[in-house]
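Peer 1: One file: input.txt (compact mmCIF, N, CA and C atoms).
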# COMPACT_ATOMS: atom_id res chain seq x y z
N MET A 318 0.84 -1.19 0.00
CA MET A 318 0.00 0.00 0.00
C MET A 318 0.88 1.24 0.00
N ALA A 319 0.57 2.14 -0.91
CA ALA A 319 1.27 3.43 -0.93
C ALA A 319 0.85 4.22 0.31
N PRO A 320 1.73 5.07 0.79
CA PRO A 320 1.34 5.90 1.94
C PRO A 320 0.09 6.72 1.61
N LEU A 321 -0.74 6.91 2.61
CA LEU A 321 -1.96 7.69 2.44
C LEU A 321 -1.66 9.08 1.87
N GLU A 322 -0.52 9.60 2.22
CA GLU A 322 -0.09 10.92 1.74
C GLU A 322 -0.16 11.00 0.21
N ASN A 323 0.25 9.93 -0.48
CA ASN A 323 0.21 9.93 -1.94
C ASN A 323 -1.21 10.11 -2.46
N TYR A 324 -2.15 9.40 -1.85
CA TYR A 324 -3.55 9.51 -2.26
C TYR A 324 -4.09 10.92 -1.98
N ILE A 325 -3.73 11.45 -0.83
CA ILE A 325 -4.20 12.79 -0.46
C ILE A 325 -3.69 13.81 -1.48
N ILE A 326 -2.43 13.73 -1.82
CA ILE A 326 -1.85 14.66 -2.79
C ILE A 326 -2.52 14.53 -4.15
N GLU A 327 -2.70 13.29 -4.60
CA GLU A 327 -3.25 13.05 -5.94
C GLU A 327 -4.76 13.32 -6.04
N GLN A 328 -5.51 13.07 -4.98
CA GLN A 328 -6.96 13.10 -5.06
C GLN A 328 -7.65 14.27 -4.36
N CYS A 329 -7.03 14.83 -3.36
CA CYS A 329 -7.76 15.73 -2.45
C CYS A 329 -7.42 17.21 -2.56
N ALA A 330 -6.70 17.61 -3.59
CA ALA A 330 -6.30 19.01 -3.72
C ALA A 330 -7.48 19.98 -3.64
N PRO A 331 -8.62 19.72 -4.32
CA PRO A 331 -9.73 20.68 -4.23
C PRO A 331 -10.28 20.83 -2.81
N THR A 332 -10.30 19.75 -2.04
CA THR A 332 -10.77 19.84 -0.66
C THR A 332 -9.74 20.56 0.20
N LEU A 333 -8.48 20.24 0.01
CA LEU A 333 -7.42 20.90 0.78
C LEU A 333 -7.37 22.39 0.49
N ALA A 334 -7.66 22.77 -0.75
CA ALA A 334 -7.62 24.18 -1.16
C ALA A 334 -8.92 24.91 -0.82
N ASN A 335 -9.82 24.24 -0.13
CA ASN A 335 -11.11 24.82 0.29
C ASN A 335 -12.01 25.16 -0.91
N LEU A 336 -11.85 24.42 -2.00
CA LEU A 336 -12.70 24.61 -3.18
C LEU A 336 -13.87 23.64 -3.20
N LYS A 337 -13.76 22.58 -2.43
CA LYS A 337 -14.74 21.50 -2.45
C LYS A 337 -15.03 21.04 -1.03
N THR A 338 -16.26 20.59 -0.78
CA THR A 338 -16.64 20.10 0.54
C THR A 338 -15.89 18.84 0.90
N GLY A 339 -15.84 17.90 -0.04
CA GLY A 339 -15.21 16.62 0.28
C GLY A 339 -14.76 15.88 -0.96
N THR A 340 -13.96 14.85 -0.71
CA THR A 340 -13.42 14.01 -1.77
C THR A 340 -13.49 12.56 -1.34
N LEU A 341 -13.93 11.71 -2.26
CA LEU A 341 -13.90 10.26 -2.06
C LEU A 341 -12.74 9.69 -2.86
N PHE A 342 -12.05 8.73 -2.31
CA PHE A 342 -11.02 8.05 -3.07
C PHE A 342 -10.86 6.63 -2.55
N CYS A 343 -10.41 5.75 -3.44
CA CYS A 343 -10.20 4.35 -3.08
C CYS A 343 -8.73 4.09 -2.82
N VAL A 344 -8.48 3.28 -1.82
CA VAL A 344 -7.14 2.84 -1.48
C VAL A 344 -7.15 1.32 -1.54
N ASP A 345 -6.24 0.74 -2.29
CA ASP A 345 -6.09 -0.71 -2.31
C ASP A 345 -5.12 -1.09 -1.21
N THR A 346 -5.60 -1.92 -0.28
CA THR A 346 -4.73 -2.32 0.82
C THR A 346 -5.14 -3.69 1.34
N SER A 347 -4.16 -4.46 1.69
CA SER A 347 -4.41 -5.72 2.38
C SER A 347 -4.14 -5.53 3.87
N GLU A 348 -3.84 -4.29 4.25
CA GLU A 348 -3.52 -3.95 5.65
C GLU A 348 -4.42 -2.81 6.13
N PRO A 349 -5.72 -3.09 6.36
CA PRO A 349 -6.62 -2.00 6.79
C PRO A 349 -6.23 -1.37 8.12
N GLU A 350 -5.58 -2.14 9.00
CA GLU A 350 -5.16 -1.57 10.29
C GLU A 350 -4.11 -0.49 10.08
N GLU A 351 -3.19 -0.73 9.14
CA GLU A 351 -2.18 0.29 8.84
C GLU A 351 -2.82 1.53 8.24
N LEU A 352 -3.81 1.33 7.38
CA LEU A 352 -4.52 2.46 6.79
C LEU A 352 -5.22 3.26 7.89
N LEU A 353 -5.86 2.59 8.82
CA LEU A 353 -6.52 3.29 9.94
C LEU A 353 -5.51 4.07 10.77
N THR A 354 -4.33 3.52 10.95
CA THR A 354 -3.28 4.24 11.69
C THR A 354 -2.89 5.51 10.94
N GLN A 355 -2.72 5.39 9.62
CA GLN A 355 -2.37 6.56 8.81
C GLN A 355 -3.49 7.60 8.83
N ILE A 356 -4.74 7.15 8.77
CA ILE A 356 -5.88 8.07 8.83
C ILE A 356 -5.85 8.82 10.16
N GLY A 357 -5.58 8.12 11.24
CA GLY A 357 -5.50 8.77 12.55
C GLY A 357 -4.41 9.84 12.60
N ARG A 358 -3.25 9.52 12.02
CA ARG A 358 -2.16 10.51 11.98
C ARG A 358 -2.56 11.74 11.17
N TRP A 359 -3.19 11.52 10.02
CA TRP A 359 -3.59 12.66 9.20
C TRP A 359 -4.70 13.46 9.85
N ASN A 360 -5.60 12.80 10.55
CA ASN A 360 -6.65 13.54 11.26
C ASN A 360 -6.04 14.46 12.32
N ARG A 361 -5.05 13.99 13.03
CA ARG A 361 -4.38 14.85 14.02
C ARG A 361 -3.68 16.02 13.33
N GLU A 362 -3.05 15.75 12.20
CA GLU A 362 -2.32 16.78 11.45
C GLU A 362 -3.26 17.85 10.88
N LEU A 363 -4.42 17.42 10.40
CA LEU A 363 -5.33 18.34 9.69
C LEU A 363 -6.45 18.92 10.55
N ALA A 364 -6.58 18.45 11.78
CA ALA A 364 -7.70 18.89 12.64
C ALA A 364 -7.75 20.41 12.79
N GLY A 365 -6.63 21.05 12.95
CA GLY A 365 -6.59 22.50 13.12
C GLY A 365 -7.02 23.26 11.88
N LYS A 366 -7.06 22.58 10.76
CA LYS A 366 -7.48 23.20 9.50
C LYS A 366 -8.94 22.89 9.17
N GLY A 367 -9.62 22.18 10.07
CA GLY A 367 -11.03 21.86 9.86
C GLY A 367 -11.27 20.74 8.87
N ILE A 368 -10.26 19.91 8.64
CA ILE A 368 -10.35 18.81 7.68
C ILE A 368 -10.31 17.49 8.43
N SER A 369 -11.17 16.56 8.01
CA SER A 369 -11.19 15.23 8.60
C SER A 369 -11.14 14.18 7.51
N ILE A 370 -10.66 13.00 7.89
CA ILE A 370 -10.62 11.85 6.99
C ILE A 370 -11.25 10.68 7.72
N THR A 371 -12.07 9.92 7.01
CA THR A 371 -12.68 8.74 7.60
C THR A 371 -12.75 7.62 6.58
N LEU A 372 -12.70 6.43 7.08
CA LEU A 372 -12.86 5.24 6.25
C LEU A 372 -14.36 4.97 6.14
N LEU A 373 -14.88 4.91 4.93
CA LEU A 373 -16.31 4.70 4.73
C LEU A 373 -16.68 3.24 4.55
N ARG A 374 -15.85 2.49 3.81
CA ARG A 374 -16.22 1.11 3.51
C ARG A 374 -14.99 0.31 3.09
N ILE A 375 -14.99 -0.96 3.48
CA ILE A 375 -13.96 -1.90 3.03
C ILE A 375 -14.67 -3.02 2.29
N ARG A 376 -14.21 -3.28 1.08
CA ARG A 376 -14.69 -4.43 0.30
C ARG A 376 -13.48 -5.13 -0.28
N GLY A 377 -13.15 -6.27 0.30
CA GLY A 377 -11.94 -6.97 -0.13
C GLY A 377 -10.73 -6.11 0.19
N VAL A 378 -9.93 -5.83 -0.84
CA VAL A 378 -8.76 -4.98 -0.64
C VAL A 378 -9.05 -3.52 -1.00
N ARG A 379 -10.27 -3.24 -1.48
CA ARG A 379 -10.65 -1.87 -1.86
C ARG A 379 -11.27 -1.17 -0.65
N THR A 380 -10.68 -0.05 -0.30
CA THR A 380 -11.15 0.74 0.84
C THR A 380 -11.56 2.11 0.34
N LEU A 381 -12.76 2.53 0.70
CA LEU A 381 -13.28 3.83 0.31
C LEU A 381 -13.03 4.81 1.45
N VAL A 382 -12.33 5.89 1.13
CA VAL A 382 -11.93 6.89 2.12
C VAL A 382 -12.57 8.22 1.74
N TYR A 383 -12.94 9.00 2.76
CA TYR A 383 -13.61 10.29 2.57
C TYR A 383 -12.85 11.35 3.34
N MET A 384 -12.42 12.40 2.63
CA MET A 384 -11.83 13.58 3.26
C MET A 384 -12.83 14.72 3.10
N TYR A 385 -13.06 15.48 4.16
CA TYR A 385 -14.05 16.56 4.08
C TYR A 385 -13.69 17.72 5.00
N ARG A 386 -14.27 18.86 4.64
CA ARG A 386 -14.18 20.06 5.47
C ARG A 386 -15.45 20.14 6.29
N ARG A 387 -15.31 20.05 7.60
CA ARG A 387 -16.47 19.93 8.48
C ARG A 387 -17.44 21.10 8.33
N THR A 388 -16.95 22.33 8.30
CA THR A 388 -17.87 23.47 8.23
C THR A 388 -18.64 23.49 6.92
N LYS A 389 -17.99 23.14 5.82
CA LYS A 389 -18.69 23.09 4.54
C LYS A 389 -19.71 21.95 4.53
N LEU A 390 -19.32 20.81 5.08
CA LEU A 390 -20.25 19.68 5.13
C LEU A 390 -21.46 20.02 6.00
N GLU A 391 -21.22 20.64 7.12
CA GLU A 391 -22.31 21.05 8.01
C GLU A 391 -23.30 21.94 7.26
N ARG A 392 -22.79 22.90 6.53
CA ARG A 392 -23.63 23.81 5.73
C ARG A 392 -24.40 23.05 4.65
N ASP A 393 -23.70 22.19 3.93
CA ASP A 393 -24.32 21.45 2.83
C ASP A 393 -25.41 20.50 3.31
N LEU A 394 -25.16 19.80 4.41
CA LEU A 394 -26.14 18.85 4.93
C LEU A 394 -27.39 19.54 5.46
N ALA A 395 -27.23 20.74 6.01
CA ALA A 395 -28.35 21.46 6.60
C ALA A 395 -29.16 22.26 5.59
N ALA A 396 -28.69 22.37 4.37
CA ALA A 396 -29.44 23.11 3.35
C ALA A 396 -30.83 22.49 3.23
N PRO A 397 -31.88 23.30 3.08
CA PRO A 397 -33.25 22.78 3.10
C PRO A 397 -33.50 21.57 2.18
N GLY A 398 -33.08 21.63 0.94
CA GLY A 398 -33.31 20.51 0.03
C GLY A 398 -32.53 19.28 0.43
N ALA A 399 -31.29 19.48 0.86
CA ALA A 399 -30.44 18.36 1.26
C ALA A 399 -31.00 17.69 2.52
N ALA A 400 -31.38 18.49 3.49
CA ALA A 400 -31.93 17.93 4.72
C ALA A 400 -33.19 17.12 4.43
N LYS A 401 -34.05 17.64 3.58
CA LYS A 401 -35.28 16.92 3.22
C LYS A 401 -34.94 15.57 2.56
N LEU A 402 -33.99 15.58 1.63
CA LEU A 402 -33.56 14.36 0.97
C LEU A 402 -33.03 13.35 1.99
N LEU A 403 -32.14 13.81 2.86
CA LEU A 403 -31.52 12.91 3.84
C LEU A 403 -32.54 12.34 4.81
N PHE A 404 -33.42 13.18 5.33
CA PHE A 404 -34.43 12.67 6.27
C PHE A 404 -35.34 11.66 5.57
N GLY A 405 -35.63 11.89 4.30
CA GLY A 405 -36.45 10.96 3.53
C GLY A 405 -35.77 9.62 3.30
N LEU A 406 -34.45 9.59 3.42
CA LEU A 406 -33.69 8.36 3.23
C LEU A 406 -33.29 7.71 4.55
N GLY A 407 -33.90 8.17 5.64
CA GLY A 407 -33.67 7.53 6.93
C GLY A 407 -32.57 8.12 7.78
N TYR A 408 -32.04 9.26 7.38
CA TYR A 408 -31.03 9.93 8.21
C TYR A 408 -31.76 10.56 9.38
N ASP A 409 -31.22 10.39 10.59
CA ASP A 409 -31.83 10.97 11.80
C ASP A 409 -31.30 12.36 12.11
N SER A 410 -30.18 12.71 11.49
CA SER A 410 -29.53 13.97 11.80
C SER A 410 -28.81 14.48 10.55
N VAL A 411 -28.68 15.79 10.47
CA VAL A 411 -27.87 16.38 9.41
C VAL A 411 -26.57 16.95 9.97
N MET A 412 -26.25 16.59 11.19
CA MET A 412 -24.93 16.94 11.73
C MET A 412 -23.91 15.99 11.10
N PRO A 413 -22.71 16.47 10.80
CA PRO A 413 -21.75 15.66 10.05
C PRO A 413 -21.49 14.25 10.58
N GLU A 414 -21.16 14.10 11.85
CA GLU A 414 -20.76 12.79 12.35
C GLU A 414 -21.88 11.75 12.25
N PRO A 415 -23.11 12.03 12.76
CA PRO A 415 -24.16 11.02 12.61
C PRO A 415 -24.56 10.79 11.15
N ALA A 416 -24.51 11.83 10.34
CA ALA A 416 -24.85 11.67 8.92
C ALA A 416 -23.82 10.78 8.23
N ILE A 417 -22.55 10.95 8.55
CA ILE A 417 -21.51 10.10 7.96
C ILE A 417 -21.69 8.65 8.41
N GLU A 418 -22.05 8.46 9.66
CA GLU A 418 -22.29 7.09 10.14
C GLU A 418 -23.44 6.44 9.38
N ARG A 419 -24.50 7.20 9.10
CA ARG A 419 -25.63 6.67 8.32
C ARG A 419 -25.18 6.39 6.87
N LEU A 420 -24.36 7.27 6.31
CA LEU A 420 -23.83 7.05 4.97
C LEU A 420 -23.02 5.76 4.94
N LYS A 421 -22.21 5.52 5.95
CA LYS A 421 -21.44 4.27 6.02
C LYS A 421 -22.36 3.06 5.99
N ALA A 422 -23.44 3.12 6.75
CA ALA A 422 -24.40 2.00 6.77
C ALA A 422 -25.04 1.82 5.40
N ARG A 423 -25.39 2.91 4.75
CA ARG A 423 -25.99 2.84 3.41
C ARG A 423 -25.00 2.27 2.40
N LEU A 424 -23.74 2.65 2.51
CA LEU A 424 -22.72 2.11 1.60
C LEU A 424 -22.53 0.61 1.80
N ARG A 425 -22.62 0.15 3.05
CA ARG A 425 -22.48 -1.27 3.32
C ARG A 425 -23.64 -2.07 2.72
N SER A 426 -24.83 -1.45 2.67
CA SER A 426 -26.01 -2.19 2.22
C SER A 426 -26.30 -2.02 0.73
N CYS A 427 -25.57 -1.16 0.04
CA CYS A 427 -25.82 -0.91 -1.39
C CYS A 427 -24.64 -1.40 -2.22
N GLU A 428 -24.92 -1.93 -3.38
CA GLU A 428 -23.85 -2.29 -4.31
C GLU A 428 -23.28 -1.04 -4.97
N GLN A 429 -24.14 -0.07 -5.28
CA GLN A 429 -23.71 1.16 -5.92
C GLN A 429 -23.69 2.28 -4.88
N PHE A 430 -23.13 3.40 -5.29
CA PHE A 430 -23.14 4.55 -4.39
C PHE A 430 -24.58 5.01 -4.21
N PRO A 431 -24.98 5.29 -2.97
CA PRO A 431 -26.33 5.83 -2.76
C PRO A 431 -26.43 7.23 -3.37
N HIS A 432 -27.61 7.57 -3.84
CA HIS A 432 -27.84 8.83 -4.54
C HIS A 432 -27.37 10.05 -3.75
N GLU A 433 -27.57 10.01 -2.44
CA GLU A 433 -27.28 11.19 -1.62
C GLU A 433 -25.79 11.47 -1.45
N ILE A 434 -24.94 10.62 -1.94
CA ILE A 434 -23.50 10.82 -1.74
C ILE A 434 -23.04 12.17 -2.29
N GLY A 435 -23.73 12.67 -3.31
CA GLY A 435 -23.37 13.97 -3.87
C GLY A 435 -23.46 15.10 -2.86
N VAL A 436 -24.40 14.99 -1.92
CA VAL A 436 -24.53 16.01 -0.87
C VAL A 436 -23.25 16.08 -0.05
N PHE A 437 -22.66 14.93 0.21
CA PHE A 437 -21.44 14.86 1.03
C PHE A 437 -20.21 15.38 0.28
N LEU A 438 -20.34 15.51 -1.02
CA LEU A 438 -19.23 16.01 -1.85
C LEU A 438 -19.42 17.46 -2.25
N GLY A 439 -20.57 18.05 -1.88
CA GLY A 439 -20.82 19.45 -2.19
C GLY A 439 -21.47 19.67 -3.55
N TYR A 440 -21.98 18.60 -4.17
CA TYR A 440 -22.65 18.75 -5.46
C TYR A 440 -24.03 19.35 -5.28
N PRO A 441 -24.50 20.10 -6.26
CA PRO A 441 -25.87 20.63 -6.18
C PRO A 441 -26.89 19.47 -6.19
N LEU A 442 -28.03 19.68 -5.56
CA LEU A 442 -29.03 18.63 -5.48
C LEU A 442 -29.50 18.14 -6.84
N CYS A 443 -29.52 19.00 -7.82
CA CYS A 443 -29.99 18.60 -9.15
C CYS A 443 -29.07 17.58 -9.80
N ASP A 444 -27.83 17.46 -9.30
CA ASP A 444 -26.90 16.46 -9.83
C ASP A 444 -27.20 15.12 -9.22
So, in terms of structure tokens, how does the structure I just supplied come out?

Peer 2:
Amino acid sequence: MAPLENYIIEQCAPTLANLKTGTLFCVDTSEPEELLTQIGRWNRELAGKGISITLLRIRGVRTLVYMYRRTKLERDLAAPGAAKLLFGLGYDSVMPEPAIERLKARLRSCEQFPHEIGVFLGYPLCD
């Protein structure tokens, strides 16, 4: 597995530059514990900048990782149309942490990405 830093550099520039709410990227790893350790290190490093990273789903050696800006995500999730969509899909909260936990559950139960994933990436609802 390449260091998480490589994926962050290659995939997350728009989120790091505060141009985008969040970024999804896949990491191929046979060592999910090492990936979780790296995620923890990066979370400590980026916490002061309002950026978080979380592991969303593991399927075989493919791991789906999400980097996001908490304040932007909070705003996007609470937008009237987004909140209505999320509540209609069984989300109990539009606060980032519980909403991400519900997204993780939805990702585990769906073969494809759930429609609402765009909200977590800052896409307009019409997309």

Peer 1: Calculate how many Å separate atom CA of Ala364 of chain A from atom N of Arg379 of chain A, rounding to one decimal.

Peer 2: 26.4 Å

Peer 1: Record the distance separating atom CA of Met412 of chain A and atom CA of Asp393 of chain A, expressed in Å with one decimal.

Peer 2: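 Between atom CA of Met412 of chain A and atom CA of Asp393 of chain A the gap works out to 10.0 Å.
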
Peer 1: Choose the residue, out of A:Ala330, A:Leu363, A:Tyr383, A:Leu403, that has the smallest atom-to-atom separation from Phe342 of chain A; count all atoms listed in the file.

Peer 2: A:Tyr383

Peer 1: Please report the interatomic distance between atom N of Ala399 of chain A and atom N of Leu442 of chain A in Å with one decimal.

Peer 2: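 So the two atoms, atom N of Ala399 of chain A and atom N of Leu442 of chain A, lie 7.2 Å apart.
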
Peer 1: List the neighbours of Gly377 of chain A out to 10 Å using only C-alpha atoms; skip same-chain residues closer than 4 positions along the sequence, and give me the result as a ChimeraX atom specification.

Peer 2: /A:345-347

Peer 1: Just N, CA and C atoms for this one: save the residues we selected as a PDB file, in the frame of the given file.

Peer 2:
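Saved as part.pdb:
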ATOM      1  N   ASP A 345      -6.240   0.740  -2.290  1.00  0.00           N
ATOM      2  CA  ASP A 345      -6.090  -0.710  -2.310  1.00  0.00           C
ATOM      3  C   ASP A 345      -5.120  -1.090  -1.210  1.00  0.00           C
ATOM      4  N   THR A 346      -5.600  -1.920  -0.280  1.00  0.00           N
ATOM      5  CA  THR A 346      -4.730  -2.320   0.820  1.00  0.00           C
ATOM      6  C   THR A 346      -5.140  -3.690   1.340  1.00  0.00           C
ATOM      7  N   SER A 347      -4.160  -4.460   1.690  1.00  0.00           N
ATOM      8  CA  SER A 347      -4.410  -5.720   2.380  1.00  0.00           C
ATOM      9  C   SER A 347      -4.140  -5.530   3.870  1.00  0.00           C
TER      10      SER A 347
END

Peer 1: For the helix (DSSP H, G or I) assignment from backbone DSSP, which residues of chain A qualify? Please present them as a ChimeraX atom specification.

Peer 2: /A:321-328,330-333,349-366,387-395,397-405,413-426,434-438

Peer 1: I'd like the neighbourhood of Ala395 of chain A as a ChimeraX atom specification, where a residue qualifies if any of its atoms comes within 12 Å (using only C-alpha atoms), though same-chain residues fewer than 2 positions away should be ignored.

Peer 2: /A:388-393,397-404,408,410-413,416,436-437,439

Peer 1: To box segment 349-356 of chain A, take all atoms listed in the file, fit an axis-aligned box, add 4 Å on each side, and give centre and edge lengths in Å to one decimal, as JSON.

Peer 2:
{"center_x": -4.4, "center_y": 2.9, "center_z": 9.0, "size_x": 12.4, "size_y": 19.9, "size_z": 13.3}

Peer 1: Can you pull out every residue from chain A that DSSP, working from the backbone, puts in strand (DSSP E or B), and format the result as a ChimeraX atom specification?

Peer 2: /A:339-345,368-376,379-386

Peer 1: Keeping N, CA and C atoms for every residue in the selection just given, could you write it to a file as a PDB file, in the frame of the given file?

Peer 2:
ATOM      1  N   GLY A 339     -15.840  17.900  -0.040  1.00  0.00           N
ATOM      2  CA  GLY A 339     -15.210  16.620   0.280  1.00  0.00           C
ATOM      3  C   GLY A 339     -14.760  15.880  -0.960  1.00  0.00           C
ATOM      4  N   THR A 340     -13.960  14.850  -0.710  1.00  0.00           N
ATOM      5  CA  THR A 340     -13.420  14.010  -1.770  1.00  0.00           C
ATOM      6  C   THR A 340     -13.490  12.560  -1.340  1.00  0.00           C
ATOM      7  N   LEU A 341     -13.930  11.710  -2.260  1.00  0.00           N
ATOM      8  CA  LEU A 341     -13.900  10.260  -2.060  1.00  0.00           C
ATOM      9  C   LEU A 341     -12.740   9.690  -2.860  1.00  0.00           C
ATOM     10  N   PHE A 342     -12.050   8.730  -2.310  1.00  0.00           N
ATOM     11  CA  PHE A 342     -11.020   8.050  -3.070  1.00  0.00           C
ATOM     12  C   PHE A 342     -10.860   6.630  -2.550  1.00  0.00           C
ATOM     13  N   CYS A 343     -10.410   5.750  -3.440  1.00  0.00           N
ATOM     14  CA  CYS A 343     -10.200   4.350  -3.080  1.00  0.00           C
ATOM     15  C   CYS A 343      -8.730   4.090  -2.820  1.00  0.00           C
ATOM     16  N   VAL A 344      -8.480   3.280  -1.820  1.00  0.00           N
ATOM     17  CA  VAL A 344      -7.140   2.840  -1.480  1.00  0.00           C
ATOM     18  C   VAL A 344      -7.150   1.320  -1.540  1.00  0.00           C
ATOM     19  N   ASP A 345      -6.240   0.740  -2.290  1.00  0.00           N
ATOM     20  CA  ASP A 345      -6.090  -0.710  -2.310  1.00  0.00           C
ATOM     21  C   ASP A 345      -5.120  -1.090  -1.210  1.00  0.00           C
ATOM     22  N   ILE A 368     -10.260  19.910   8.640  1.00  0.00           N
ATOM     23  CA  ILE A 368     -10.350  18.810   7.680  1.00  0.00           C
ATOM     24  C   ILE A 368     -10.310  17.490   8.430  1.00  0.00           C
ATOM     25  N   SER A 369     -11.170  16.560   8.010  1.00  0.00           N
ATOM     26  CA  SER A 369     -11.190  15.230   8.600  1.00  0.00           C
ATOM     27  C   SER A 369     -11.140  14.180   7.510  1.00  0.00           C
ATOM     28  N   ILE A 370     -10.660  13.000   7.890  1.00  0.00           N
ATOM     29  CA  ILE A 370     -10.620  11.850   6.990  1.00  0.00           C
ATOM     30  C   ILE A 370     -11.250  10.680   7.720  1.00  0.00           C
ATOM     31  N   THR A 371     -12.070   9.920   7.010  1.00  0.00           N
ATOM     32  CA  THR A 371     -12.680   8.740   7.600  1.00  0.00           C
ATOM     33  C   THR A 371     -12.750   7.620   6.580  1.00  0.00           C
ATOM     34  N   LEU A 372     -12.700   6.430   7.080  1.00  0.00           N
ATOM     35  CA  LEU A 372     -12.860   5.240   6.250  1.00  0.00           C
ATOM     36  C   LEU A 372     -14.360   4.970   6.140  1.00  0.00           C
ATOM     37  N   LEU A 373     -14.880   4.910   4.930  1.00  0.00           N
ATOM     38  CA  LEU A 373     -16.310   4.700   4.730  1.00  0.00           C
ATOM     39  C   LEU A 373     -16.680   3.240   4.550  1.00  0.00           C
ATOM     40  N   ARG A 374     -15.850   2.490   3.810  1.00  0.00           N
ATOM     41  CA  ARG A 374     -16.220   1.110   3.510  1.00  0.00           C
ATOM     42  C   ARG A 374     -14.990   0.310   3.090  1.00  0.00           C
ATOM     43  N   ILE A 375     -14.990  -0.960   3.480  1.00  0.00           N
ATOM     44  CA  ILE A 375     -13.960  -1.900   3.030  1.00  0.00           C
ATOM     45  C   ILE A 375     -14.670  -3.020   2.290  1.00  0.00           C
ATOM     46  N   ARG A 376     -14.210  -3.280   1.080  1.00  0.00           N
ATOM     47  CA  ARG A 376     -14.690  -4.430   0.300  1.00  0.00           C
ATOM     48  C   ARG A 376     -13.480  -5.130  -0.280  1.00  0.00           C
ATOM     49  N   ARG A 379     -10.270  -3.240  -1.480  1.00  0.00           N
ATOM     50  CA  ARG A 379     -10.650  -1.870  -1.860  1.00  0.00           C
ATOM     51  C   ARG A 379     -11.270  -1.170  -0.650  1.00  0.00           C
ATOM     52  N   THR A 380     -10.680  -0.050  -0.300  1.00  0.00           N
ATOM     53  CA  THR A 380     -11.150   0.740   0.840  1.00  0.00           C
ATOM     54  C   THR A 380     -11.560   2.110   0.340  1.00  0.00           C
ATOM     55  N   LEU A 381     -12.760   2.530   0.700  1.00  0.00           N
ATOM     56  CA  LEU A 381     -13.280   3.830   0.310  1.00  0.00           C
ATOM     57  C   LEU A 381     -13.030   4.810   1.450  1.00  0.00           C
ATOM     58  N   VAL A 382     -12.330   5.890   1.130  1.00  0.00           N
ATOM     59  CA  VAL A 382     -11.930   6.890   2.120  1.00  0.00           C
ATOM     60  C   VAL A 382     -12.570   8.220   1.740  1.00  0.00           C
ATOM     61  N   TYR A 383     -12.940   9.000   2.760  1.00  0.00           N
ATOM     62  CA  TYR A 383     -13.610  10.290   2.570  1.00  0.00           C
ATOM     63  C   TYR A 383     -12.850  11.350   3.340  1.00  0.00           C
ATOM     64  N   MET A 384     -12.420  12.400   2.630  1.00  0.00           N
ATOM     65  CA  MET A 384     -11.830  13.580   3.260  1.00  0.00           C
ATOM     66  C   MET A 384     -12.830  14.720   3.100  1.00  0.00           C
ATOM     67  N   TYR A 385     -13.060  15.480   4.160  1.00  0.00           N
ATOM     68  CA  TYR A 385     -14.050  16.560   4.080  1.00  0.00           C
ATOM     69  C   TYR A 385     -13.690  17.720   5.000  1.00  0.00           C
ATOM     70  N   ARG A 386     -14.270  18.860   4.640  1.00  0.00           N
ATOM     71  CA  ARG A 386     -14.180  20.060   5.470  1.00  0.00           C
ATOM     72  C   ARG A 386     -15.450  20.140   6.290  1.00  0.00           C
TER      73      ARG A 386
END

Peer 1: Can you tell me, as a list of chain:residue names, what residues are no more than 8 Å from Arg374 of chain A when counting only N, CA and C atoms, ignoring any on the same chain fewer than 2 positions away?

Peer 2: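 The residues that qualify are A:Thr371, A:Leu372, A:Arg376, A:Gly377, A:Arg379, A:Thr380, A:Leu381, A:Val382, A:Tyr383, A:Leu420, A:Lys421, A:Leu424, A:Arg425.
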
Peer 1: Compare A:Pro431, A:Arg386, A:Glu351, A:Cys329 by their minimum atom-to-atom distance to Gly367 of chain A, counting only N, CA and C atoms, and give me the closest one.

Peer 2: A:Arg386

Peer 1: With distances taken over only C-alpha atoms, which of A:Ala422, A:Cys443, A:Ala334, A:Cys343 is nearest to Ile368 of chain A?

Peer 2: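 Between A:Ala422, A:Cys443, A:Ala334, A:Cys343, the residue approaching Ile368 of chain A most closely is A:Ala334.
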